[in-house]
Amino acid sequence: MLTSNRMNNLHPYVPGEQPKDRVYIKLNANENPYAPCKAVQDAVIDFVQNNPMKMTVYPDPDSNELHAAIADMLNKTGGVLCRAKVDGDKVEPASEDKIPFTVTPDMIYSGNGSDEVLSFVFYAFFDSSKKFVMPEFTYSFYPVYAGFYNIPMDNVPLKADWSLDKEEMLKRAANNKGGIIFANPNAPTGLGLKRTEVREMLKQASDDEIFIVDEAYCDFGGESCIPLLAEFKNLVIVRTFSKSVCSAGMRLGYIVASPELVNIVTTVKNSVNHFPIDAVAQVAGTVACKNPAYYCDCASKVAEERDKFYEFLKEQGFYVIKSETNFLFAKKDGVDGNELYKKIKSEGILIRHFSTPGIEDFVRITVGTPEQMAALKEAFLKVM
Ligand SMILES: *Cc1c(COP(=O)(O)O)cnc(C)c1O
């Protein structure tokens, strides 16, 4: 055998398709339909054109400027872009989202997309001798890392209304003593827990075991758990620039946690690749964080289109889960999810279908621009 035994545990993630044969409207990977702001575009051009020598040297290993900018954006938005109050360039959190302390740069660790960040978090906090708890239907990269690091998992079924079963997750976590992870709002369902609900969970969970909340979609209308960091030292929050900061192509994700936990994840990173995200992404990410008003506007537009398309799907007789994210998860009696996906694709629009048993009737639709959603409406009306 050429390969190690470890290879048998690898079941790589299958990303949403990125076809090159035809130009599709892409509503299948929860990417943002809007470009990064002009200041980010200018900063990248300036970096390459006017500072080419910066390409020859290693990037700042601590990403200091970027982490300061991320912390500042979180303080200004409360971690929920679509609800933040914008007045010209001035941004402040909605009153319910205000973080009751100042997020500081030493509470941020960043990496090449939250997928890489998650892999280091799994390595740092989950153990191959103890099962960690996660929802049965959630971000499908978690089981991939469980296989990669040989960590046993305990999948907790969702409730009949597709929400997380908090009680059962806590019960199993108390038995396993191996920590908890879930996405909030969850994917691919789109449903979130309130901060008070997560707080109750944290109060009941052991403070000796890690509690990870993946907030990839929080900016589109969830409730951030960042305020809970003041109370709970076992809490790690994972976030990304890919969805709400219009930058999936750049690969930039981060955690918000206590400086102690940030140092632990940094130790893992320094044992794999001692440099952080590249210098261009550091610049682009920093400038993006300095322009929160633009991204608040993008997130609000997406949330508005989402709620409109939710109503449309309901009118068409679909069962649609109320979403706090930039996607909708929907199914209809008598309609095969895979067939629907294929028919919509033949109309030039990509949506996502998962063949996973239990959710195979659903399609997941990423919310795009008003024009894209109008085209999708047409396609639905034609194929249904
Ligand atoms: C998209 C997504 C990620 C990964 O984001 P990247 O930063 O692009 O790697 C992580 N968690 C959830 C729940 C996601 O949907």
# chains A, B, ... in the order shown; residues from 1 in each chain; ligands from 1

$ residues_around --residues "Asp214 in chain A" --least-positions-apart "6" --cutoff "12 Å" --atoms "only C-alpha atoms" --output "PyMOL selection string"
chain A and resi 114-115+117-118+121+134+138-139+141-142+180-187+192-193+222-226+235-240+253-256

$ select_by_dssp --residues "range 239-383 of chain A" --states "strand (DSSP E or B)" --output "MDAnalysis selection string"
chainID A and resid 239:240 253:256 319:320 327:331 349:350 352 363:366

$ closest_residue --among "A:Glu197, A:Asp278, A:Glu116, A:Asp307" --to "ligand 1" --atoms "only C-alpha atoms and all ligand atoms"
A:Glu116

$ closest_residue --among "A:Ser63, A:Thr3, A:Asn263, A:Ser110" --to "ligand 1" --atoms "only C-alpha atoms and all ligand atoms"
A:Ser110

$ closest_atom_pairs --of "range 24-138 of chain A" --to "range 323-341 of chain A" --cutoff "12 Å" --atoms "only C-alpha atoms" --output "CSV"
residue,atom,partner,partner_atom,distance
A:Leu27,CA,A:Phe327,CA,8.6
A:Asn28,CA,A:Phe327,CA,9.0
A:Ala29,CA,A:Phe327,CA,9.2
A:Asn30,CA,A:Asn326,CA,6.5
A:Glu31,CA,A:Asn326,CA,8.5
A:Asn32,CA,A:Asn326,CA,8.1
A:Pro33,CA,A:Asn326,CA,10.2
A:Val80,CA,A:Glu324,CA,10.7
A:Leu81,CA,A:Thr325,CA,11.6
A:Cys82,CA,A:Thr325,CA,10.3
A:Arg83,CA,A:Glu324,CA,11.6

$ write_last_selection --atoms "N, CA and C atoms" --output "PDB file, in the first residue's frame"
ATOM      1  N   LEU A  27     -26.431  30.566  -7.551  1.00  0.00           N
ATOM      2  CA  LEU A  27     -27.124  30.705  -6.262  1.00  0.00           C
ATOM      3  C   LEU A  27     -26.993  29.382  -5.510  1.00  0.00           C
ATOM      4  N   ASN A  28     -25.771  28.826  -5.533  1.00  0.00           N
ATOM      5  CA  ASN A  28     -25.590  27.475  -4.979  1.00  0.00           C
ATOM      6  C   ASN A  28     -24.513  27.374  -3.906  1.00  0.00           C
ATOM      7  N   ALA A  29     -23.790  28.440  -3.602  1.00  0.00           N
ATOM      8  CA  ALA A  29     -22.689  28.285  -2.638  1.00  0.00           C
ATOM      9  C   ALA A  29     -22.720  29.368  -1.556  1.00  0.00           C
ATOM     10  N   ASN A  30     -23.859  30.025  -1.421  1.00  0.00           N
ATOM     11  CA  ASN A  30     -24.031  31.063  -0.387  1.00  0.00           C
ATOM     12  C   ASN A  30     -22.998  32.181  -0.468  1.00  0.00           C
ATOM     13  N   GLU A  31     -22.517  32.401  -1.691  1.00  0.00           N
ATOM     14  CA  GLU A  31     -21.623  33.542  -1.910  1.00  0.00           C
ATOM     15  C   GLU A  31     -22.459  34.824  -1.941  1.00  0.00           C
ATOM     16  N   ASN A  32     -21.797  35.957  -1.754  1.00  0.00           N
ATOM     17  CA  ASN A  32     -22.489  37.245  -1.762  1.00  0.00           C
ATOM     18  C   ASN A  32     -22.579  37.742  -3.207  1.00  0.00           C
ATOM     19  N   PRO A  33     -23.739  38.266  -3.619  1.00  0.00           N
ATOM     20  CA  PRO A  33     -23.861  38.692  -5.021  1.00  0.00           C
ATOM     21  C   PRO A  33     -23.220  40.055  -5.297  1.00  0.00           C
ATOM     22  N   VAL A  80     -23.680  41.911  13.599  1.00  0.00           N
ATOM     23  CA  VAL A  80     -24.883  41.674  12.768  1.00  0.00           C
ATOM     24  C   VAL A  80     -25.012  42.845  11.801  1.00  0.00           C
ATOM     25  N   LEU A  81     -24.362  42.705  10.637  1.00  0.00           N
ATOM     26  CA  LEU A  81     -24.301  43.809   9.670  1.00  0.00           C
ATOM     27  C   LEU A  81     -25.677  44.293   9.243  1.00  0.00           C
ATOM     28  N   CYS A  82     -26.603  43.365   9.032  1.00  0.00           N
ATOM     29  CA  CYS A  82     -27.881  43.784   8.423  1.00  0.00           C
ATOM     30  C   CYS A  82     -28.734  44.612   9.366  1.00  0.00           C
ATOM     31  N   ARG A  83     -28.451  44.563  10.677  1.00  0.00           N
ATOM     32  CA  ARG A  83     -29.258  45.355  11.619  1.00  0.00           C
ATOM     33  C   ARG A  83     -28.553  46.624  12.089  1.00  0.00           C
TER      34      ARG A  83
END

$ closest_residue --among "A:Pro15, A:Phe101, A:Val272, A:Asp46" --to "ligand 1" --atoms "only C-alpha atoms and all ligand atoms"
A:Pro15

$ closest_residue --among "A:Tyr13, A:Phe47, A:Tyr123, A:Tyr294" --to "ligand 1" --atoms "only C-alpha atoms and all ligand atoms"
A:Tyr13

$ select_by_dssp --residues "range 73-172 of chain A" --states "alpha helix (DSSP H)" --output "short mmCIF file (atom, residue, chain, number, x, y, z; two decimals) with N, CA and C atoms, in the first residue's frame"
data_model
loop_
_atom_site.label_atom_id
_atom_site.label_comp_id
_atom_site.auth_asym_id
_atom_site.auth_seq_id
_atom_site.Cartn_x
_atom_site.Cartn_y
_atom_site.Cartn_z
N MET A 73 -14.55 46.55 13.61
CA MET A 73 -15.80 46.35 12.88
C MET A 73 -16.83 45.64 13.76
N LEU A 74 -16.38 44.66 14.55
CA LEU A 74 -17.33 43.97 15.43
C LEU A 74 -17.90 44.93 16.47
N ASN A 75 -17.06 45.80 17.00
CA ASN A 75 -17.56 46.77 17.98
C ASN A 75 -18.57 47.72 17.34
N LYS A 76 -18.34 48.07 16.06
CA LYS A 76 -19.22 49.02 15.38
C LYS A 76 -20.53 48.39 14.92
N THR A 77 -20.52 47.09 14.65
CA THR A 77 -21.71 46.46 14.08
C THR A 77 -22.40 45.49 15.04
N GLY A 113 -9.70 31.36 5.33
CA GLY A 113 -11.09 30.93 5.31
C GLY A 113 -11.43 30.29 6.64
N SER A 114 -12.72 30.34 7.01
CA SER A 114 -13.04 29.73 8.30
C SER A 114 -12.92 28.21 8.22
N ASP A 115 -12.89 27.65 7.02
CA ASP A 115 -12.65 26.21 6.91
C ASP A 115 -11.29 25.84 7.51
N GLU A 116 -10.26 26.60 7.18
CA GLU A 116 -8.95 26.32 7.77
C GLU A 116 -8.97 26.61 9.27
N VAL A 117 -9.60 27.71 9.62
CA VAL A 117 -9.70 28.07 11.04
C VAL A 117 -10.38 26.94 11.82
N LEU A 118 -11.49 26.44 11.26
CA LEU A 118 -12.21 25.33 11.91
C LEU A 118 -11.32 24.10 12.06
N SER A 119 -10.50 23.83 11.06
CA SER A 119 -9.66 22.64 11.15
C SER A 119 -8.69 22.78 12.32
N PHE A 120 -8.15 23.97 12.54
CA PHE A 120 -7.24 24.18 13.67
C PHE A 120 -7.99 24.14 15.00
N VAL A 121 -9.22 24.66 14.97
CA VAL A 121 -10.04 24.64 16.18
C VAL A 121 -10.36 23.18 16.56
N PHE A 122 -10.71 22.37 15.56
CA PHE A 122 -10.97 20.94 15.83
C PHE A 122 -9.73 20.29 16.42
N TYR A 123 -8.59 20.58 15.84
CA TYR A 123 -7.34 19.97 16.31
C TYR A 123 -7.06 20.38 17.75
N ALA A 124 -7.30 21.67 18.03
CA ALA A 124 -6.94 22.21 19.35
C ALA A 124 -7.86 21.73 20.46
N PHE A 125 -9.15 21.58 20.17
CA PHE A 125 -10.11 21.45 21.28
C PHE A 125 -10.88 20.14 21.33
N PHE A 141 -18.83 20.27 6.65
CA PHE A 141 -17.38 20.14 6.83
C PHE A 141 -17.02 19.57 8.21
N TYR A 142 -17.92 19.68 9.20
CA TYR A 142 -17.56 19.19 10.54
C TYR A 142 -17.26 17.68 10.51
N PRO A 143 -18.12 16.87 9.87
CA PRO A 143 -17.79 15.43 9.81
C PRO A 143 -16.50 15.16 9.02
N VAL A 144 -16.20 16.03 8.05
CA VAL A 144 -14.97 15.84 7.28
C VAL A 144 -13.75 15.97 8.21
N TYR A 145 -13.76 17.00 9.05
CA TYR A 145 -12.64 17.17 9.99
C TYR A 145 -12.61 16.07 11.04
N ALA A 146 -13.79 15.61 11.44
CA ALA A 146 -13.84 14.51 12.41
C ALA A 146 -13.08 13.31 11.83
N GLY A 147 -13.32 13.03 10.54
CA GLY A 147 -12.59 11.95 9.89
C GLY A 147 -11.11 12.25 9.78
N PHE A 148 -10.80 13.47 9.41
CA PHE A 148 -9.40 13.86 9.20
C PHE A 148 -8.57 13.69 10.47
N TYR A 149 -9.14 14.11 11.60
CA TYR A 149 -8.40 14.04 12.87
C TYR A 149 -8.76 12.80 13.69
N LYS A 166 -31.61 21.54 21.80
CA LYS A 166 -30.64 22.00 22.81
C LYS A 166 -30.51 21.01 23.96
N GLU A 167 -31.66 20.54 24.46
CA GLU A 167 -31.65 19.67 25.65
C GLU A 167 -30.87 18.39 25.35
N GLU A 168 -31.16 17.79 24.18
CA GLU A 168 -30.50 16.53 23.85
C GLU A 168 -29.00 16.76 23.61
N MET A 169 -28.66 17.89 22.99
CA MET A 169 -27.23 18.18 22.78
C MET A 169 -26.50 18.30 24.11
N LEU A 170 -27.13 18.98 25.06
CA LEU A 170 -26.50 19.16 26.38
C LEU A 170 -26.37 17.83 27.12
N LYS A 171 -27.44 17.02 27.02
CA LYS A 171 -27.43 15.72 27.70
C LYS A 171 -26.26 14.88 27.19
N ARG A 172 -26.13 14.85 25.86
CA ARG A 172 -25.06 14.01 25.30
C ARG A 172 -23.68 14.60 25.59
#

$ atom_distance --atom1 "CA of Cys218 in chain A" --atom2 "CA of Gln41 in chain A"
24.7 Å
